[in-house]
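Here is final_24.txt, consisting of compact mmCIF, C-alpha atoms:
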# COMPACT_ATOMS: atom_id res chain seq x y z
CA MET A 112 -0.04 -17.30 2.42
CA GLU A 113 -3.64 -17.33 3.61
CA THR A 114 -6.16 -17.11 0.77
CA PHE A 115 -7.88 -13.93 1.93
CA GLU A 116 -4.54 -12.26 2.52
CA ALA A 117 -3.52 -13.01 -1.07
CA ILE A 118 -6.86 -11.84 -2.49
CA LYS A 119 -6.74 -8.61 -0.52
CA GLY A 120 -3.02 -7.96 -0.84
CA ARG A 121 -2.71 -8.36 -4.61
CA ARG A 122 -2.03 -5.07 -6.38
CA SER A 123 -1.53 -4.11 -9.97
CA ILE A 124 2.24 -3.65 -10.13
CA ARG A 125 3.57 -1.49 -12.97
CA LYS A 126 7.31 -1.26 -12.24
CA TYR A 127 9.40 -4.37 -12.19
CA LYS A 128 12.88 -5.47 -11.24
CA LYS A 129 15.05 -6.80 -14.06
CA GLU A 130 15.40 -10.18 -12.40
CA LYS A 131 13.85 -13.00 -14.39
CA LEU A 132 11.21 -15.31 -12.90
CA PRO A 133 11.98 -18.95 -12.11
CA ARG A 134 10.40 -21.34 -14.58
CA GLN A 135 8.85 -23.31 -11.73
CA ASP A 136 7.07 -20.20 -10.43
CA LEU A 137 5.69 -19.45 -13.88
CA GLU A 138 4.48 -23.03 -14.10
CA LYS A 139 2.75 -22.78 -10.74
CA ILE A 140 1.04 -19.55 -11.85
CA LEU A 141 -0.15 -21.26 -15.04
CA GLU A 142 -1.29 -24.27 -13.05
CA ALA A 143 -3.42 -21.92 -10.93
CA GLY A 144 -4.95 -20.63 -14.16
CA ILE A 145 -6.16 -23.98 -15.41
CA TRP A 146 -8.03 -24.65 -12.14
CA ALA A 147 -10.51 -21.89 -12.86
CA PRO A 148 -14.07 -22.95 -13.60
CA SER A 149 -15.33 -22.68 -17.17
CA GLY A 150 -18.77 -22.84 -18.74
CA SER A 151 -19.59 -26.46 -19.70
CA ASN A 152 -16.02 -27.23 -18.62
CA ALA A 153 -14.84 -26.03 -22.04
CA GLN A 154 -11.53 -24.62 -20.73
CA PRO A 155 -11.38 -22.41 -23.83
CA TRP A 156 -8.02 -20.87 -22.93
CA GLN A 157 -4.53 -20.74 -24.29
CA PHE A 158 -1.62 -19.09 -22.51
CA PHE A 159 1.45 -17.73 -24.28
CA VAL A 160 4.38 -17.09 -21.99
CA ILE A 161 6.94 -14.53 -23.13
CA ASP A 162 10.12 -13.99 -21.20
CA ASN A 163 12.41 -12.93 -24.02
CA ASN A 164 13.17 -9.23 -23.52
CA GLU A 165 13.42 -8.49 -27.23
CA LEU A 166 9.99 -9.92 -27.87
CA ILE A 167 8.56 -8.24 -24.76
CA LYS A 168 9.80 -4.90 -26.11
CA LYS A 169 8.16 -5.54 -29.48
CA ILE A 170 4.88 -6.28 -27.73
CA MET A 171 5.19 -3.12 -25.64
CA VAL A 172 5.18 -1.09 -28.85
CA ILE A 173 1.60 -2.20 -29.49
CA ALA A 174 0.58 -2.27 -25.81
CA PRO A 175 0.49 1.35 -24.65
CA GLY A 176 -0.82 0.21 -21.26
CA ILE A 177 2.61 -1.20 -20.35
CA PHE A 178 5.12 1.51 -19.49
CA ASN A 179 7.96 -0.45 -17.90
CA LEU A 180 9.70 -3.62 -18.98
CA PRO A 181 8.16 -6.63 -17.22
CA ALA A 182 10.22 -9.75 -16.57
CA ALA A 183 7.62 -11.86 -18.35
CA MET A 184 4.16 -11.73 -19.86
CA ILE A 185 1.37 -14.22 -20.07
CA ILE A 186 -0.87 -13.53 -23.03
CA VAL A 187 -4.25 -14.95 -22.15
CA CYS A 188 -6.22 -16.03 -25.20
CA ARG A 189 -9.62 -17.39 -26.04
CA ASP A 190 -9.86 -20.32 -28.41
CA MET A 191 -12.96 -19.14 -30.28
CA GLU A 192 -13.36 -22.39 -32.21
CA ARG A 193 -13.26 -24.51 -29.09
CA ALA A 194 -15.66 -22.19 -27.27
CA PHE A 195 -18.13 -22.25 -30.17
CA SER A 196 -17.96 -25.97 -30.77
CA LEU A 197 -18.48 -26.84 -27.09
CA VAL A 198 -20.70 -24.01 -25.83
CA GLY A 199 -22.19 -22.37 -28.94
CA GLU A 200 -22.55 -18.69 -29.71
CA LEU A 201 -22.99 -17.59 -26.11
CA GLY A 202 -19.89 -19.55 -25.23
CA ARG A 203 -17.84 -17.95 -27.97
CA ASP A 204 -19.09 -14.41 -27.45
CA VAL A 205 -19.54 -14.12 -23.69
CA ILE A 206 -18.83 -17.10 -21.46
CA SER A 207 -15.34 -17.76 -22.80
CA LEU A 208 -14.37 -14.20 -21.90
CA MET A 209 -15.60 -14.80 -18.35
CA ASP A 210 -13.69 -18.10 -18.21
CA ILE A 211 -10.36 -16.63 -19.21
CA SER A 212 -10.88 -13.71 -16.83
CA MET A 213 -11.38 -16.11 -13.92
CA ALA A 214 -8.27 -18.01 -14.97
CA SER A 215 -6.40 -14.70 -15.10
CA GLN A 216 -7.48 -13.77 -11.60
CA ASN A 217 -6.29 -17.15 -10.31
CA MET A 218 -2.91 -16.50 -11.91
CA MET A 219 -2.55 -13.00 -10.47
CA ILE A 220 -3.46 -14.15 -6.97
CA GLU A 221 -1.03 -17.04 -7.19
CA ALA A 222 1.69 -14.72 -8.50
CA TYR A 223 1.21 -12.47 -5.49
CA ASP A 224 1.38 -15.50 -3.23
CA LEU A 225 4.80 -16.23 -4.77
CA GLY A 226 6.02 -12.65 -4.29
CA ILE A 227 5.58 -11.78 -7.96
CA GLY A 228 3.82 -8.61 -9.08
CA SER A 229 1.28 -8.63 -11.89
CA CYS A 230 -0.78 -6.22 -13.91
CA PRO A 231 -3.70 -7.07 -16.21
CA VAL A 232 -3.54 -5.03 -19.40
CA ARG A 233 -6.30 -4.80 -22.00
CA SER A 234 -5.10 -1.77 -23.92
CA PHE A 235 -3.25 -3.32 -26.83
CA GLY A 236 -3.92 -3.92 -30.46
CA ILE A 237 -5.47 -7.36 -30.75
CA SER A 238 -4.92 -7.64 -34.52
CA ALA A 239 -1.36 -6.34 -34.32
CA LEU A 240 -0.53 -8.81 -31.54
CA LYS A 241 -2.01 -11.70 -33.52
CA ILE A 242 0.16 -10.79 -36.49
CA LEU A 243 3.28 -10.29 -34.40
CA LEU A 244 2.94 -13.65 -32.68
CA ASN A 245 1.57 -15.44 -35.74
CA PHE A 246 -1.58 -16.63 -33.96
CA PRO A 247 -4.11 -18.60 -35.98
CA GLU A 248 -7.39 -16.82 -36.76
CA HIS A 249 -9.39 -18.51 -33.95
CA ILE A 250 -6.95 -17.63 -31.16
CA SER A 251 -7.94 -14.25 -29.74
CA PRO A 252 -5.62 -12.53 -27.24
CA GLU A 253 -7.79 -10.83 -24.62
CA LEU A 254 -5.46 -9.90 -21.78
CA ILE A 255 -1.76 -9.42 -21.21
CA ILE A 256 -0.67 -10.20 -17.68
CA ALA A 257 2.60 -8.37 -17.12
CA LEU A 258 4.74 -10.05 -14.45
CA GLY A 259 7.85 -9.24 -12.47
CA TYR A 260 9.26 -8.74 -9.01
CA PRO A 261 7.83 -5.44 -7.76
CA GLU A 262 10.10 -2.42 -8.04
CA GLU A 263 7.68 -0.31 -6.01
CA PHE A 264 4.74 -0.83 -3.72
CA LEU A 265 2.01 1.76 -3.99
CA PRO A 266 -1.00 1.96 -1.72
CA ALA A 267 -4.13 0.20 -2.95
CA PRO A 268 -6.46 2.43 -4.97
CA GLU A 269 -9.53 3.13 -2.94
CA ARG A 270 -12.34 0.59 -3.10
CA ARG A 271 -15.99 1.45 -3.27
CA LYS A 272 -17.50 0.57 0.07
CA LEU A 273 -19.48 -2.62 0.48
CA ASP A 274 -22.68 -0.75 1.25
CA GLU A 275 -22.34 1.12 -2.03
CA VAL A 276 -22.18 -2.00 -4.20
CA VAL A 277 -23.97 -4.71 -2.19
CA PHE A 278 -27.73 -5.04 -1.87
CA TRP A 279 -29.33 -7.57 0.43
CA TYR A 280 -32.59 -9.38 -0.23
CA GLY A 281 -32.60 -11.13 3.13
CA ASN A 282 -35.15 -13.08 5.09
CA MET B 32 -6.02 -22.16 3.96
CA GLU B 33 -3.04 -21.71 1.66
CA THR B 34 -3.83 -19.73 -1.48
CA PHE B 35 -2.84 -22.43 -3.97
CA GLU B 36 -4.78 -25.04 -2.03
CA ALA B 37 -7.91 -22.87 -2.25
CA ILE B 38 -7.41 -22.18 -5.95
CA LYS B 39 -6.88 -25.84 -6.75
CA GLY B 40 -9.45 -27.24 -4.33
CA ARG B 41 -12.42 -25.09 -5.36
CA ARG B 42 -15.10 -27.07 -7.18
CA SER B 43 -18.40 -26.15 -8.70
CA ILE B 44 -20.82 -27.50 -6.08
CA ARG B 45 -24.37 -28.18 -7.28
CA LYS B 46 -26.02 -29.81 -4.23
CA TYR B 47 -26.30 -27.88 -1.01
CA LYS B 48 -27.28 -28.46 2.59
CA LYS B 49 -30.32 -26.55 3.82
CA GLU B 50 -28.29 -24.73 6.45
CA LYS B 51 -28.13 -20.98 5.91
CA LEU B 52 -24.83 -19.12 5.64
CA PRO B 53 -23.64 -16.78 8.38
CA ARG B 54 -23.96 -13.14 7.42
CA GLN B 55 -20.32 -12.54 8.37
CA ASP B 56 -19.18 -15.24 5.91
CA LEU B 57 -21.24 -13.70 3.13
CA GLU B 58 -19.71 -10.33 3.93
CA LYS B 59 -16.21 -11.77 3.78
CA ILE B 60 -16.98 -13.35 0.39
CA LEU B 61 -18.26 -10.00 -0.91
CA GLU B 62 -15.22 -8.24 0.52
CA ALA B 63 -13.04 -10.64 -1.49
CA GLY B 64 -15.02 -9.61 -4.57
CA ILE B 65 -14.33 -5.91 -4.28
CA TRP B 66 -10.57 -6.51 -4.10
CA ALA B 67 -10.46 -7.69 -7.70
CA PRO B 68 -8.68 -5.44 -10.18
CA SER B 69 -10.78 -3.50 -12.67
CA GLY B 70 -9.97 -1.60 -15.84
CA SER B 71 -9.21 2.06 -15.01
CA ASN B 72 -10.22 1.13 -11.43
CA ALA B 73 -13.86 1.57 -12.47
CA GLN B 74 -15.15 -1.16 -10.15
CA PRO B 75 -18.23 -1.46 -12.36
CA TRP B 76 -19.93 -4.11 -10.19
CA GLN B 77 -23.01 -4.49 -8.10
CA PHE B 78 -23.77 -7.55 -6.03
CA PHE B 79 -27.28 -8.63 -5.05
CA VAL B 80 -27.38 -11.15 -2.22
CA ILE B 81 -30.45 -13.36 -2.01
CA ASP B 82 -30.95 -15.69 0.91
CA ASN B 83 -34.72 -15.75 1.03
CA ASN B 84 -35.83 -19.24 -0.07
CA GLU B 85 -39.02 -18.03 -1.70
CA LEU B 86 -37.14 -15.57 -3.84
CA ILE B 87 -34.40 -18.10 -4.60
CA LYS B 88 -37.08 -20.49 -5.87
CA LYS B 89 -38.54 -17.81 -8.12
CA ILE B 90 -35.10 -17.16 -9.58
CA MET B 91 -34.57 -20.90 -10.13
CA VAL B 92 -37.60 -20.93 -12.43
CA ILE B 93 -35.73 -18.68 -14.86
CA ALA B 94 -32.31 -20.20 -14.17
CA PRO B 95 -32.36 -23.72 -15.61
CA GLY B 96 -28.69 -24.13 -14.73
CA ILE B 97 -29.57 -24.41 -11.02
CA PHE B 98 -31.12 -27.76 -10.14
CA ASN B 99 -30.97 -27.76 -6.35
CA LEU B 100 -31.90 -25.13 -3.81
CA PRO B 101 -28.82 -23.15 -2.79
CA ALA B 102 -28.64 -21.50 0.64
CA ALA B 103 -27.92 -18.16 -0.98
CA MET B 104 -27.13 -16.52 -4.29
CA ILE B 105 -24.98 -13.60 -5.26
CA ILE B 106 -26.16 -12.03 -8.47
CA VAL B 107 -23.15 -10.38 -10.01
CA CYS B 108 -24.05 -7.40 -12.15
CA ARG B 109 -22.37 -4.91 -14.41
CA ASP B 110 -23.23 -1.26 -14.04
CA MET B 111 -23.21 -0.39 -17.73
CA GLU B 112 -23.56 3.35 -17.15
CA ARG B 113 -20.61 3.47 -14.78
CA ALA B 114 -18.48 1.32 -17.09
CA PHE B 115 -19.28 3.52 -20.08
CA SER B 116 -18.79 6.82 -18.29
CA LEU B 117 -15.41 5.81 -16.81
CA VAL B 118 -13.96 3.50 -19.48
CA GLY B 119 -15.95 4.16 -22.67
CA GLU B 120 -17.39 1.66 -25.11
CA LEU B 121 -14.67 -0.96 -24.63
CA GLY B 122 -15.25 -0.67 -20.89
CA ARG B 123 -18.97 -1.16 -21.20
CA ASP B 124 -18.85 -3.96 -23.75
CA VAL B 125 -15.78 -5.97 -22.79
CA ILE B 126 -13.64 -4.88 -19.86
CA SER B 127 -16.50 -4.64 -17.36
CA LEU B 128 -17.36 -8.27 -18.07
CA MET B 129 -13.77 -9.24 -17.34
CA ASP B 130 -13.82 -7.16 -14.14
CA ILE B 131 -16.92 -8.78 -12.71
CA SER B 132 -15.61 -12.22 -13.68
CA MET B 133 -12.42 -11.61 -11.72
CA ALA B 134 -14.47 -10.40 -8.76
CA SER B 135 -16.57 -13.55 -9.04
CA GLN B 136 -13.53 -15.78 -8.99
CA ASN B 137 -12.27 -14.02 -5.86
CA MET B 138 -15.62 -14.69 -4.20
CA MET B 139 -15.70 -18.36 -5.15
CA ILE B 140 -12.17 -18.96 -3.91
CA GLU B 141 -12.92 -17.19 -0.66
CA ALA B 142 -16.16 -19.17 -0.26
CA TYR B 143 -14.19 -22.39 -0.60
CA ASP B 144 -11.70 -21.13 1.96
CA LEU B 145 -14.64 -20.70 4.35
CA GLY B 146 -15.97 -24.21 3.66
CA ILE B 147 -18.78 -22.93 1.44
CA GLY B 148 -19.52 -24.45 -1.95
CA SER B 149 -20.21 -22.27 -4.97
CA CYS B 150 -21.27 -22.64 -8.57
CA PRO B 151 -21.11 -19.96 -11.28
CA VAL B 152 -24.25 -20.06 -13.43
CA ARG B 153 -24.71 -18.14 -16.68
CA SER B 154 -27.74 -19.98 -18.04
CA PHE B 155 -30.58 -17.74 -16.97
CA GLY B 156 -32.84 -15.21 -18.60
CA ILE B 157 -31.18 -11.84 -18.16
CA SER B 158 -34.31 -9.86 -19.07
CA ALA B 159 -36.57 -12.01 -16.90
CA LEU B 160 -34.23 -11.65 -13.94
CA LYS B 161 -34.09 -7.88 -14.40
CA ILE B 162 -37.88 -7.71 -14.34
CA LEU B 163 -38.19 -10.07 -11.38
CA LEU B 164 -35.75 -8.10 -9.26
CA ASN B 165 -36.78 -4.72 -10.60
CA PHE B 166 -33.28 -3.76 -11.72
CA PRO B 167 -32.83 -0.43 -13.46
CA GLU B 168 -32.03 -0.56 -17.16
CA HIS B 169 -28.26 -0.03 -16.74
CA ILE B 170 -27.75 -2.87 -14.24
CA SER B 171 -27.05 -6.05 -16.15
CA PRO B 172 -26.96 -9.37 -14.28
CA GLU B 173 -24.18 -11.47 -15.77
CA LEU B 174 -23.59 -14.32 -13.37
CA ILE B 175 -25.41 -16.05 -10.54
CA ILE B 176 -23.11 -17.51 -7.94
CA ALA B 177 -25.06 -20.21 -6.12
CA LEU B 178 -23.77 -20.80 -2.61
CA GLY B 179 -24.27 -23.35 0.15
CA TYR B 180 -22.56 -25.89 2.33
CA PRO B 181 -21.71 -28.82 0.04
CA GLU B 182 -24.07 -31.80 0.15
CA GLU B 183 -21.72 -33.85 -1.98
CA PHE B 184 -18.11 -33.76 -3.10
CA LEU B 185 -17.47 -34.97 -6.60
CA PRO B 186 -14.05 -35.46 -8.16
CA ALA B 187 -12.71 -32.52 -10.16
CA PRO B 188 -13.56 -32.63 -13.86
CA GLU B 189 -10.42 -33.38 -15.79
CA ARG B 190 -8.22 -30.45 -16.72
CA ARG B 191 -6.50 -30.02 -20.03
CA LYS B 192 -2.82 -30.58 -19.45
CA LEU B 193 -0.48 -27.62 -19.20
CA ASP B 194 1.43 -28.64 -22.31
CA GLU B 195 -1.80 -28.59 -24.28
CA VAL B 196 -2.69 -24.98 -23.41
CA VAL B 197 0.64 -23.30 -22.62
CA PHE B 198 3.14 -22.13 -25.22
CA TRP B 199 6.54 -20.78 -24.27
CA TYR B 200 8.43 -18.06 -26.09
CA GLY B 201 11.51 -18.36 -23.91
CA ASN B 202 15.01 -17.02 -24.14
Show me this structure written as structure tokens.
Amino acid sequence: METFEAIKGRRSIRKYKKEKLPRQDLEKILEAGIWAPSGSNAQPWQFFVIDNNELIKKIMVIAPGIFNLPAAMIIVCRDMERAFSLVGELGRDVISLMDISMASQNMMIEAYDLGIGSCPVRSFGISALKILLNFPEHISPELIIALGYPEEFLPAPERRKLDEVVFWYGN
Amino acid sequence: METFEAIKGRRSIRKYKKEKLPRQDLEKILEAGIWAPSGSNAQPWQFFVIDNNELIKKIMVIAPGIFNLPAAMIIVCRDMERAFSLVGELGRDVISLMDISMASQNMMIEAYDLGIGSCPVRSFGISALKILLNFPEHISPELIIALGYPEEFLPAPERRKLDEVVFWYGN
């Protein structure tokens, strides 16, 4: 698919078919993630892939932003130790969050390109998720990307117009 | 260009040709930005496009992360008031930063697709930039995307391998 078509066509998909996702597609989505830029090339990310329905259901209990069972989830985490040791306080507190967000966007675009729906979800209990998945202290889950073949296609929510959000300081 | 090719081929480009960028290409890059997802669909972004060399040079004085004159810059900002009023404290403090980072990644991928090099820069004085550009208090510049036709192509910095950053909780 053409790049712009994928960027513009991607939607947040919230209802998924039961069908599981091929491992090779998940790997390609993850591969897209690691090609994001990162401050000082720290690559302060870790990705946890869940495609076990029982575990997905447990996570849904603490993630009220997910209403329907996805086929898989990628839990996008910051490695706070790595970010701090390579980029300092600003890296740990700010830049690493930007890095993993860019990686997430790569993954959602690539998923769409493969015919797979995605939805970024931030409304979950970070501490509860860390306990559930037994994450070490320095691994901070920041985003759940829910994934699955789309069960429904809704129209895109309206976008603010370019002339409302863009300001030109031209020649 | 194919989506995955654009995602994987994008590089941070730090040396630019003098040639200016066509307005229609800049508009397409910005259009890619506004198709990013955002928490609660708040779209808490504002984009300031600078392609006046004198102003670019003034910005470079307070942006030590930019060594060579870019043809243009997009200053990606958060609208803190909008984020807070639509998404609350978590929106203002965290989610809006993720939103504008995803929009930035869209723009950098689309720039690459158009043959335009980009580099995300976070090392600049936020307060100084706000004063220089006369931003209102609630508009917070978070990232400068430097843009220009590439003057040089360097090999990609090494990526951490998938099996170092990906963990599977499979069936």
Stretch 133-140 of chain B environment, 9 Å, all atoms listed in the file, sequence neighbours closer than 2 positions dropped, as a PDB file with C-alpha atoms, keeping the file's coordinate frame:
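So the final result, stored in result_23.pdb, reads:
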ATOM      1  CA  THR A 114      -6.160 -17.110   0.770  1.00  0.00           C
ATOM      2  CA  PHE A 115      -7.880 -13.930   1.930  1.00  0.00           C
ATOM      3  CA  ILE A 118      -6.860 -11.840  -2.490  1.00  0.00           C
ATOM      4  CA  ALA A 147     -10.510 -21.890 -12.860  1.00  0.00           C
ATOM      5  CA  PRO A 148     -14.070 -22.950 -13.600  1.00  0.00           C
ATOM      6  CA  MET A 209     -15.600 -14.800 -18.350  1.00  0.00           C
ATOM      7  CA  SER A 212     -10.880 -13.710 -16.830  1.00  0.00           C
ATOM      8  CA  MET A 213     -11.380 -16.110 -13.920  1.00  0.00           C
ATOM      9  CA  ALA A 214      -8.270 -18.010 -14.970  1.00  0.00           C
ATOM     10  CA  SER A 215      -6.400 -14.700 -15.100  1.00  0.00           C
ATOM     11  CA  GLN A 216      -7.480 -13.770 -11.600  1.00  0.00           C
ATOM     12  CA  ASN A 217      -6.290 -17.150 -10.310  1.00  0.00           C
ATOM     13  CA  ILE A 220      -3.460 -14.150  -6.970  1.00  0.00           C
TER      14      ILE A 220
ATOM     15  CA  THR B  34      -3.830 -19.730  -1.480  1.00  0.00           C
ATOM     16  CA  ALA B  37      -7.910 -22.870  -2.250  1.00  0.00           C
ATOM     17  CA  ILE B  38      -7.410 -22.180  -5.950  1.00  0.00           C
ATOM     18  CA  GLY B  40      -9.450 -27.240  -4.330  1.00  0.00           C
ATOM     19  CA  ARG B  41     -12.420 -25.090  -5.360  1.00  0.00           C
ATOM     20  CA  ARG B  42     -15.100 -27.070  -7.180  1.00  0.00           C
ATOM     21  CA  SER B  43     -18.400 -26.150  -8.700  1.00  0.00           C
ATOM     22  CA  LYS B  59     -16.210 -11.770   3.780  1.00  0.00           C
ATOM     23  CA  ILE B  60     -16.980 -13.350   0.390  1.00  0.00           C
ATOM     24  CA  LEU B  61     -18.260 -10.000  -0.910  1.00  0.00           C
ATOM     25  CA  GLU B  62     -15.220  -8.240   0.520  1.00  0.00           C
ATOM     26  CA  ALA B  63     -13.040 -10.640  -1.490  1.00  0.00           C
ATOM     27  CA  GLY B  64     -15.020  -9.610  -4.570  1.00  0.00           C
ATOM     28  CA  ILE B  65     -14.330  -5.910  -4.280  1.00  0.00           C
ATOM     29  CA  TRP B  66     -10.570  -6.510  -4.100  1.00  0.00           C
ATOM     30  CA  ALA B  67     -10.460  -7.690  -7.700  1.00  0.00           C
ATOM     31  CA  PRO B  68      -8.680  -5.440 -10.180  1.00  0.00           C
ATOM     32  CA  SER B  69     -10.780  -3.500 -12.670  1.00  0.00           C
ATOM     33  CA  TRP B  76     -19.930  -4.110 -10.190  1.00  0.00           C
ATOM     34  CA  VAL B 107     -23.150 -10.380 -10.010  1.00  0.00           C
ATOM     35  CA  LEU B 128     -17.360  -8.270 -18.070  1.00  0.00           C
ATOM     36  CA  MET B 129     -13.770  -9.240 -17.340  1.00  0.00           C
ATOM     37  CA  ASP B 130     -13.820  -7.160 -14.140  1.00  0.00           C
ATOM     38  CA  ILE B 131     -16.920  -8.780 -12.710  1.00  0.00           C
ATOM     39  CA  ALA B 142     -16.160 -19.170  -0.260  1.00  0.00           C
ATOM     40  CA  TYR B 143     -14.190 -22.390  -0.600  1.00  0.00           C
ATOM     41  CA  ASP B 144     -11.700 -21.130   1.960  1.00  0.00           C
ATOM     42  CA  LEU B 145     -14.640 -20.700   4.350  1.00  0.00           C
ATOM     43  CA  ILE B 147     -18.780 -22.930   1.440  1.00  0.00           C
ATOM     44  CA  GLY B 148     -19.520 -24.450  -1.950  1.00  0.00           C
ATOM     45  CA  SER B 149     -20.210 -22.270  -4.970  1.00  0.00           C
ATOM     46  CA  CYS B 150     -21.270 -22.640  -8.570  1.00  0.00           C
ATOM     47  CA  PRO B 151     -21.110 -19.960 -11.280  1.00  0.00           C
ATOM     48  CA  LEU B 174     -23.590 -14.320 -13.370  1.00  0.00           C
ATOM     49  CA  ILE B 176     -23.110 -17.510  -7.940  1.00  0.00           C
ATOM     50  CA  LEU B 178     -23.770 -20.800  -2.610  1.00  0.00           C
TER      51      LEU B 178
END
Using all atoms listed in the file, what does the table of chain B residues within 6 Å of chain A look like, with each row giving the shortest atom pair and its distance in Å to one decimal, sorted by chain and ascending number, as a Markdown table?
| residue | atom | partner | partner_atom | distance |
| --- | --- | --- | --- | --- |
| B:Met32 | CA | A:Glu113 | CA | 5.4 |
| B:Glu33 | CA | A:Glu113 | CA | 4.8 |
| B:Thr34 | CA | A:Thr114 | CA | 4.2 |
| B:Lys39 | CA | A:Trp146 | CA | 5.6 |
| B:Trp66 | CA | A:Lys119 | CA | 5.6 |
| B:Gln77 | CA | A:Val276 | CA | 4.7 |
| B:Phe78 | CA | A:Val277 | CA | 4.8 |
| B:Phe79 | CA | A:Phe278 | CA | 4.8 |
| B:Val80 | CA | A:Trp279 | CA | 4.9 |
| B:Ile81 | CA | A:Tyr280 | CA | 4.9 |
| B:Asp82 | CA | A:Gly281 | CA | 5.3 |
| B:Asn83 | CA | A:Asn282 | CA | 4.9 |
| B:Met129 | CA | A:Ser212 | CA | 5.3 |
| B:Ser132 | CA | A:Met209 | CA | 5.3 |
| B:Met133 | CA | A:Met213 | CA | 5.1 |
| B:Gln136 | CA | A:Met213 | CA | 5.4 |
| B:Val196 | CA | A:Gln157 | CA | 4.7 |
| B:Val197 | CA | A:Phe158 | CA | 4.8 |
| B:Phe198 | CA | A:Phe159 | CA | 4.8 |
| B:Trp199 | CA | A:Val160 | CA | 4.8 |
| B:Tyr200 | CA | A:Ile161 | CA | 4.8 |
| B:Gly201 | CA | A:Asp162 | CA | 5.3 |
| B:Asn202 | CA | A:Asn163 | CA | 4.8 |
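Reported to one decimal place, the separation of atom CA of A:Ser251 from atom CA of B:Gly119 is 21.3 Å.
Counting only C-alpha atoms, A:Leu132 has the following residues at most 7 Å away, ignoring those fewer than 5 positions along the same chain: Leu137, Ala182 and Gly259 of chain A.
Omitting B:Ile90 and its sequence neighbours fewer than 5 positions away, and counting all atoms listed in the file, the residues within 9 Å are B:Glu85, B:Phe155, B:Leu160, B:Leu163.
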Return as lines of an AutoDock Vina configuration file the box centre and box size in Å, one decimal, for an axis-aligned box around all listed atoms of stretch 157-161 of chain A padded by 5 Å per side.
center_x = 1.2
center_y = -17.6
center_z = -23.1
size_x = 21.5
size_y = 16.2
size_z = 12.3
Exercise. Rounded to one decimal in Å, what is the spacing between atom CA of B:Pro172 and atom CA of B:Ser158?
Worked result: 8.8 Å
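Coordinates place atom CA of B:Gly96 at a distance of 10.6 Å from atom CA of B:Gly156.
Take the candidates A:Ala239, A:Ile255, A:Ile177, A:Ile250 and check each one against A:Arg193 using all atoms listed in the file; the shortest distance goes to A:Ile250.
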Problem set entry | Counting all atoms listed in the file, the option among B:Asp194, B:Asp124, B:Glu50, B:Glu183 closest to B:Arg109 | B:Asp124
For this session: Compare B:Glu182, B:Glu168, B:Glu112, B:Asp56 by their minimum atom-to-atom distance to B:Leu100, counting all atoms listed in the file, and give me the closest one.
Result: B:Glu182
